[in-house]
Amino acid sequence: MRKSVGCSQQWGRRIACSAAAASLGAALVGSEAVLAAPTTAPPVTILTSSPFVSPGYFFISPFGGQTTYANGAEILDHSGNVIWFHAVPAGQEASDFRVQHYRGKPVLTWWQGAGLGGLAQGVDYIYDDHYRQIATVNAGNGLSADGHEFLITPRNTALILAYAAATADLTSIGGPANQAVINGVVQEIDIRTGKVLFQWNSEDHVPFSESQQPLPGSASSPWDWFHVNAIKIDADGNYLIDARDTWTAYKVSRKTGAIVWRLGGKNSTFKLEAAPGQTLNNAGKIFAWQHDPEALGDNTYTFFDNESAGAGNTGSGATNELGYSRAVTVRLNERKHIATLIKSDKQPEGLIAPSQGNAQTTDRDNLVVGWGSLPYFSEFNRSGNLLFNAQFPAGVNTYRAYLLPWRPGRLELGSH
């Protein structure tokens, strides 16, 4: 990932390398040759297909292989044909591309920028059904939007994420008194005015001791102790905030920001159990290093369960907790404080995704899974049977994958 432009990886996540990326598309000094940035989307190979796949189009944001293919936002049909592709400038990527609704109308939304997985710099975009830009959303209070989430609410506001650099006293957990840290920030933004309506910072609500991420070797090396990667709306209107590096999903009061409950991690509100035929991981948890909590109602939730923090990590996080990634369905009993793993859909190739990923339930109750840093996206029926499986070329992946209805004003095949 990003080897073509000389970028590095940290903890299995994508880190920007702006100097190298900026050279793409620039004239070569002292030469008549020009290094042109690719403009075409990577091909997708359909491995498994079924007539029972949910209707709609796949919404993906292919990333990687930058010497051959462009990064961007892409709509595909079930045969892998490109319906629309929006290439982003060299050195940038698109993320969390999907259909949402804004002011009562369907729109296309995505994040675009650099540094996804670190101190990212980017902007969230809204396009209408004629593929025209109608709005942008920026983080407020001196922060920059991160690409893990861009969610439009029924109030025509946007829930977004940002990462904030800070210094913390970690002597209570055996660390230095001046450790550089990266906090996770959630903001609700009024799309029309850009006003920040709500802000939540992980450091204000979660102790550093909940982190599963080992301390770095020096105080000056930023410790990404929380790594917020999702903000969703629960069935009761409160928020679900997911933190990869604490192995925890937090239900948070929309009014006060107070934590209502924790699912997973070191201080779970719930006792974790597995239904017959289901398996907890080696740490006795339902998920580890997870992404994308989705509320289905009736106290039922899905997660993308990575089960790995990626190569290059140190300490316990370098060990795969299960041996494969999966999408999991969890049912909560809030009265008895029990969380039960009731269903899991394993990665079809038996592989593990060190980063990224999502699990989307369709109107047919099928499950669409983007396998994160692995070059696959899939669909399962409610019984766990694989209905669809597709593969990118080596070195290409999509942060998330969705299967959604889309009726554009004028459907045009090809690129934009």
# chains A, B, ... in the order shown; residues from 1 in each chain; ligands from 1
>>> select_by_dssp(residues="stretch 194-330 of chain A", states="strand (DSSP E)", output="PDB file with C-alpha atoms, in the first residue's frame")
ATOM      1  CA  VAL A 196     -19.922  22.926  15.129  1.00  0.00           C
ATOM      2  CA  LEU A 197     -23.023  21.762  17.018  1.00  0.00           C
ATOM      3  CA  PHE A 198     -21.445  18.972  19.093  1.00  0.00           C
ATOM      4  CA  GLN A 199     -17.890  17.941  19.881  1.00  0.00           C
ATOM      5  CA  TRP A 200     -16.594  14.921  21.782  1.00  0.00           C
ATOM      6  CA  ASN A 201     -12.928  14.252  22.529  1.00  0.00           C
ATOM      7  CA  VAL A 228     -11.687   6.558  16.528  1.00  0.00           C
ATOM      8  CA  ASN A 229     -13.007   5.041  13.280  1.00  0.00           C
ATOM      9  CA  ALA A 230     -16.810   5.361  13.306  1.00  0.00           C
ATOM     10  CA  ILE A 231     -19.672   7.514  14.538  1.00  0.00           C
ATOM     11  CA  LYS A 232     -23.205   6.151  14.058  1.00  0.00           C
ATOM     12  CA  ILE A 233     -26.697   6.876  15.367  1.00  0.00           C
ATOM     13  CA  TYR A 239     -24.374   7.975  19.279  1.00  0.00           C
ATOM     14  CA  LEU A 240     -22.212   4.899  18.743  1.00  0.00           C
ATOM     15  CA  ILE A 241     -18.513   5.790  18.742  1.00  0.00           C
ATOM     16  CA  ASP A 242     -16.072   3.048  17.801  1.00  0.00           C
ATOM     17  CA  ALA A 243     -12.434   2.955  18.913  1.00  0.00           C
ATOM     18  CA  THR A 248     -14.545  -0.921  22.380  1.00  0.00           C
ATOM     19  CA  ALA A 249     -17.766   0.536  21.000  1.00  0.00           C
ATOM     20  CA  TYR A 250     -19.094   3.353  23.190  1.00  0.00           C
ATOM     21  CA  LYS A 251     -22.728   4.386  23.369  1.00  0.00           C
ATOM     22  CA  VAL A 252     -22.643   8.131  24.045  1.00  0.00           C
ATOM     23  CA  ILE A 259     -20.783   7.294  28.021  1.00  0.00           C
ATOM     24  CA  VAL A 260     -23.960   5.221  28.450  1.00  0.00           C
ATOM     25  CA  TRP A 261     -22.280   1.829  27.986  1.00  0.00           C
ATOM     26  CA  ARG A 262     -19.172   0.125  26.678  1.00  0.00           C
ATOM     27  CA  LEU A 263     -19.195  -2.999  24.509  1.00  0.00           C
ATOM     28  CA  GLY A 264     -15.922  -4.924  24.440  1.00  0.00           C
ATOM     29  CA  LYS A 271     -20.442  -9.936  29.900  1.00  0.00           C
ATOM     30  CA  LEU A 272     -19.423 -11.381  26.522  1.00  0.00           C
ATOM     31  CA  GLU A 273     -20.856 -14.725  25.396  1.00  0.00           C
ATOM     32  CA  ALA A 274     -21.053 -16.780  22.211  1.00  0.00           C
ATOM     33  CA  HIS A 291     -14.614  -1.170  12.699  1.00  0.00           C
ATOM     34  CA  ASP A 292     -18.104   0.005  11.750  1.00  0.00           C
ATOM     35  CA  PRO A 293     -20.759  -0.618  14.429  1.00  0.00           C
ATOM     36  CA  GLU A 294     -24.216  -0.623  12.848  1.00  0.00           C
ATOM     37  CA  ALA A 295     -27.448  -0.534  14.864  1.00  0.00           C
ATOM     38  CA  LEU A 296     -30.102  -2.867  13.438  1.00  0.00           C
ATOM     39  CA  GLY A 297     -32.711  -2.221  16.142  1.00  0.00           C
ATOM     40  CA  THR A 300     -28.812  -5.926  17.737  1.00  0.00           C
ATOM     41  CA  TYR A 301     -25.619  -4.643  16.133  1.00  0.00           C
ATOM     42  CA  THR A 302     -23.141  -5.659  13.453  1.00  0.00           C
ATOM     43  CA  PHE A 303     -19.383  -5.004  13.451  1.00  0.00           C
ATOM     44  CA  PHE A 304     -16.490  -5.607  11.120  1.00  0.00           C
ATOM     45  CA  ASP A 305     -14.145  -7.699  13.257  1.00  0.00           C
ATOM     46  CA  ARG A 326     -15.220 -11.664   9.983  1.00  0.00           C
ATOM     47  CA  ALA A 327     -18.436  -9.696  10.227  1.00  0.00           C
ATOM     48  CA  VAL A 328     -20.191 -10.319  13.543  1.00  0.00           C
ATOM     49  CA  THR A 329     -23.746  -9.802  14.777  1.00  0.00           C
ATOM     50  CA  VAL A 330     -24.205  -9.075  18.483  1.00  0.00           C
TER      51      VAL A 330
END
>>> residues_around(residues="A:Thr153", least_positions_apart="6", cutoff="9 Å", atoms="only C-alpha atoms", output="list in words")
His101, Tyr102, Leu159 and Ile233 of chain A
>>> write_last_selection(atoms="N, CA and C atoms", output="PDB file, in the first residue's frame")
ATOM      1  N   HIS A 101     -28.925  10.857   2.064  1.00  0.00           N
ATOM      2  CA  HIS A 101     -29.986  11.808   1.761  1.00  0.00           C
ATOM      3  C   HIS A 101     -29.691  13.135   2.448  1.00  0.00           C
ATOM      4  N   TYR A 102     -29.837  14.207   1.678  1.00  0.00           N
ATOM      5  CA  TYR A 102     -29.617  15.551   2.183  1.00  0.00           C
ATOM      6  C   TYR A 102     -30.750  16.439   1.708  1.00  0.00           C
ATOM      7  N   LEU A 159     -22.136  14.123  10.769  1.00  0.00           N
ATOM      8  CA  LEU A 159     -21.281  13.560  11.807  1.00  0.00           C
ATOM      9  C   LEU A 159     -19.962  13.174  11.158  1.00  0.00           C
ATOM     10  N   ILE A 233     -25.548   6.529  14.550  1.00  0.00           N
ATOM     11  CA  ILE A 233     -26.697   6.876  15.367  1.00  0.00           C
ATOM     12  C   ILE A 233     -27.391   5.593  15.794  1.00  0.00           C
TER      13      ILE A 233
END
>>> atom_distance(atom1="atom CA of A:Val53", atom2="atom CA of A:Asp234")
26.8 Å
>>> atom_distance(atom1="atom CA of A:Gly113", atom2="atom CA of A:Gln92")
5.0 Å
>>> closest_residue(among="A:Thr109, A:Thr279, A:Ser344, A:Ser49", to="A:Phe377", atoms="only C-alpha atoms")
A:Ser49
>>> residues_around(residues="stretch 356-362 of chain A", least_positions_apart="6", cutoff="6 Å", atoms="only C-alpha atoms", output="number ranges by chain")
A: 292, 304, 368-373, 399-400
>>> select_by_dssp(residues="stretch 54-277 of chain A", states="helix (DSSP H, G or I)", output="NGL selection string")
:A and (171-173 or 202-205 or 208-210 or 244-246)
>>> write_last_selection(atoms="N, CA and C atoms", output="PDB file, in the first residue's frame")
ATOM      1  N   THR A 171       1.986   8.958  33.524  1.00  0.00           N
ATOM      2  CA  THR A 171       2.701   8.309  34.623  1.00  0.00           C
ATOM      3  C   THR A 171       1.819   7.314  35.373  1.00  0.00           C
ATOM      4  N   SER A 172       0.490   7.529  35.350  1.00  0.00           N
ATOM      5  CA  SER A 172      -0.419   6.615  36.060  1.00  0.00           C
ATOM      6  C   SER A 172      -0.468   5.239  35.419  1.00  0.00           C
ATOM      7  N   ILE A 173      -0.044   5.132  34.159  1.00  0.00           N
ATOM      8  CA  ILE A 173      -0.031   3.821  33.492  1.00  0.00           C
ATOM      9  C   ILE A 173       1.391   3.423  33.099  1.00  0.00           C
ATOM     10  N   SER A 202     -12.017  12.031  22.899  1.00  0.00           N
ATOM     11  CA  SER A 202     -11.795  10.789  23.644  1.00  0.00           C
ATOM     12  C   SER A 202     -11.093  11.027  24.976  1.00  0.00           C
ATOM     13  N   GLU A 203     -10.149  11.962  25.022  1.00  0.00           N
ATOM     14  CA  GLU A 203      -9.374  12.188  26.244  1.00  0.00           C
ATOM     15  C   GLU A 203     -10.253  12.680  27.394  1.00  0.00           C
ATOM     16  N   ASP A 204     -11.383  13.323  27.080  1.00  0.00           N
ATOM     17  CA  ASP A 204     -12.267  13.852  28.107  1.00  0.00           C
ATOM     18  C   ASP A 204     -13.166  12.787  28.725  1.00  0.00           C
ATOM     19  N   HIS A 205     -13.269  11.613  28.105  1.00  0.00           N
ATOM     20  CA  HIS A 205     -14.260  10.633  28.525  1.00  0.00           C
ATOM     21  C   HIS A 205     -13.714   9.227  28.756  1.00  0.00           C
ATOM     22  N   PHE A 208      -6.768   6.580  29.508  1.00  0.00           N
ATOM     23  CA  PHE A 208      -5.735   6.023  28.640  1.00  0.00           C
ATOM     24  C   PHE A 208      -5.495   4.535  28.931  1.00  0.00           C
ATOM     25  N   SER A 209      -5.820   4.109  30.121  1.00  0.00           N
ATOM     26  CA  SER A 209      -5.590   2.709  30.503  1.00  0.00           C
ATOM     27  C   SER A 209      -6.439   1.732  29.714  1.00  0.00           C
ATOM     28  N   GLU A 210      -7.474   2.201  29.012  1.00  0.00           N
ATOM     29  CA  GLU A 210      -8.311   1.295  28.217  1.00  0.00           C
ATOM     30  C   GLU A 210      -7.653   0.892  26.903  1.00  0.00           C
ATOM     31  N   ARG A 244     -10.937   1.615  17.604  1.00  0.00           N
ATOM     32  CA  ARG A 244     -10.182   0.423  17.231  1.00  0.00           C
ATOM     33  C   ARG A 244      -9.166   0.032  18.309  1.00  0.00           C
ATOM     34  N   ASP A 245      -8.475   1.024  18.865  1.00  0.00           N
ATOM     35  CA  ASP A 245      -7.341   0.712  19.732  1.00  0.00           C
ATOM     36  C   ASP A 245      -7.714   0.493  21.194  1.00  0.00           C
ATOM     37  N   THR A 246      -9.003   0.568  21.520  1.00  0.00           N
ATOM     38  CA  THR A 246      -9.468   0.111  22.829  1.00  0.00           C
ATOM     39  C   THR A 246     -10.344  -1.131  22.698  1.00  0.00           C
TER      40      THR A 246
END
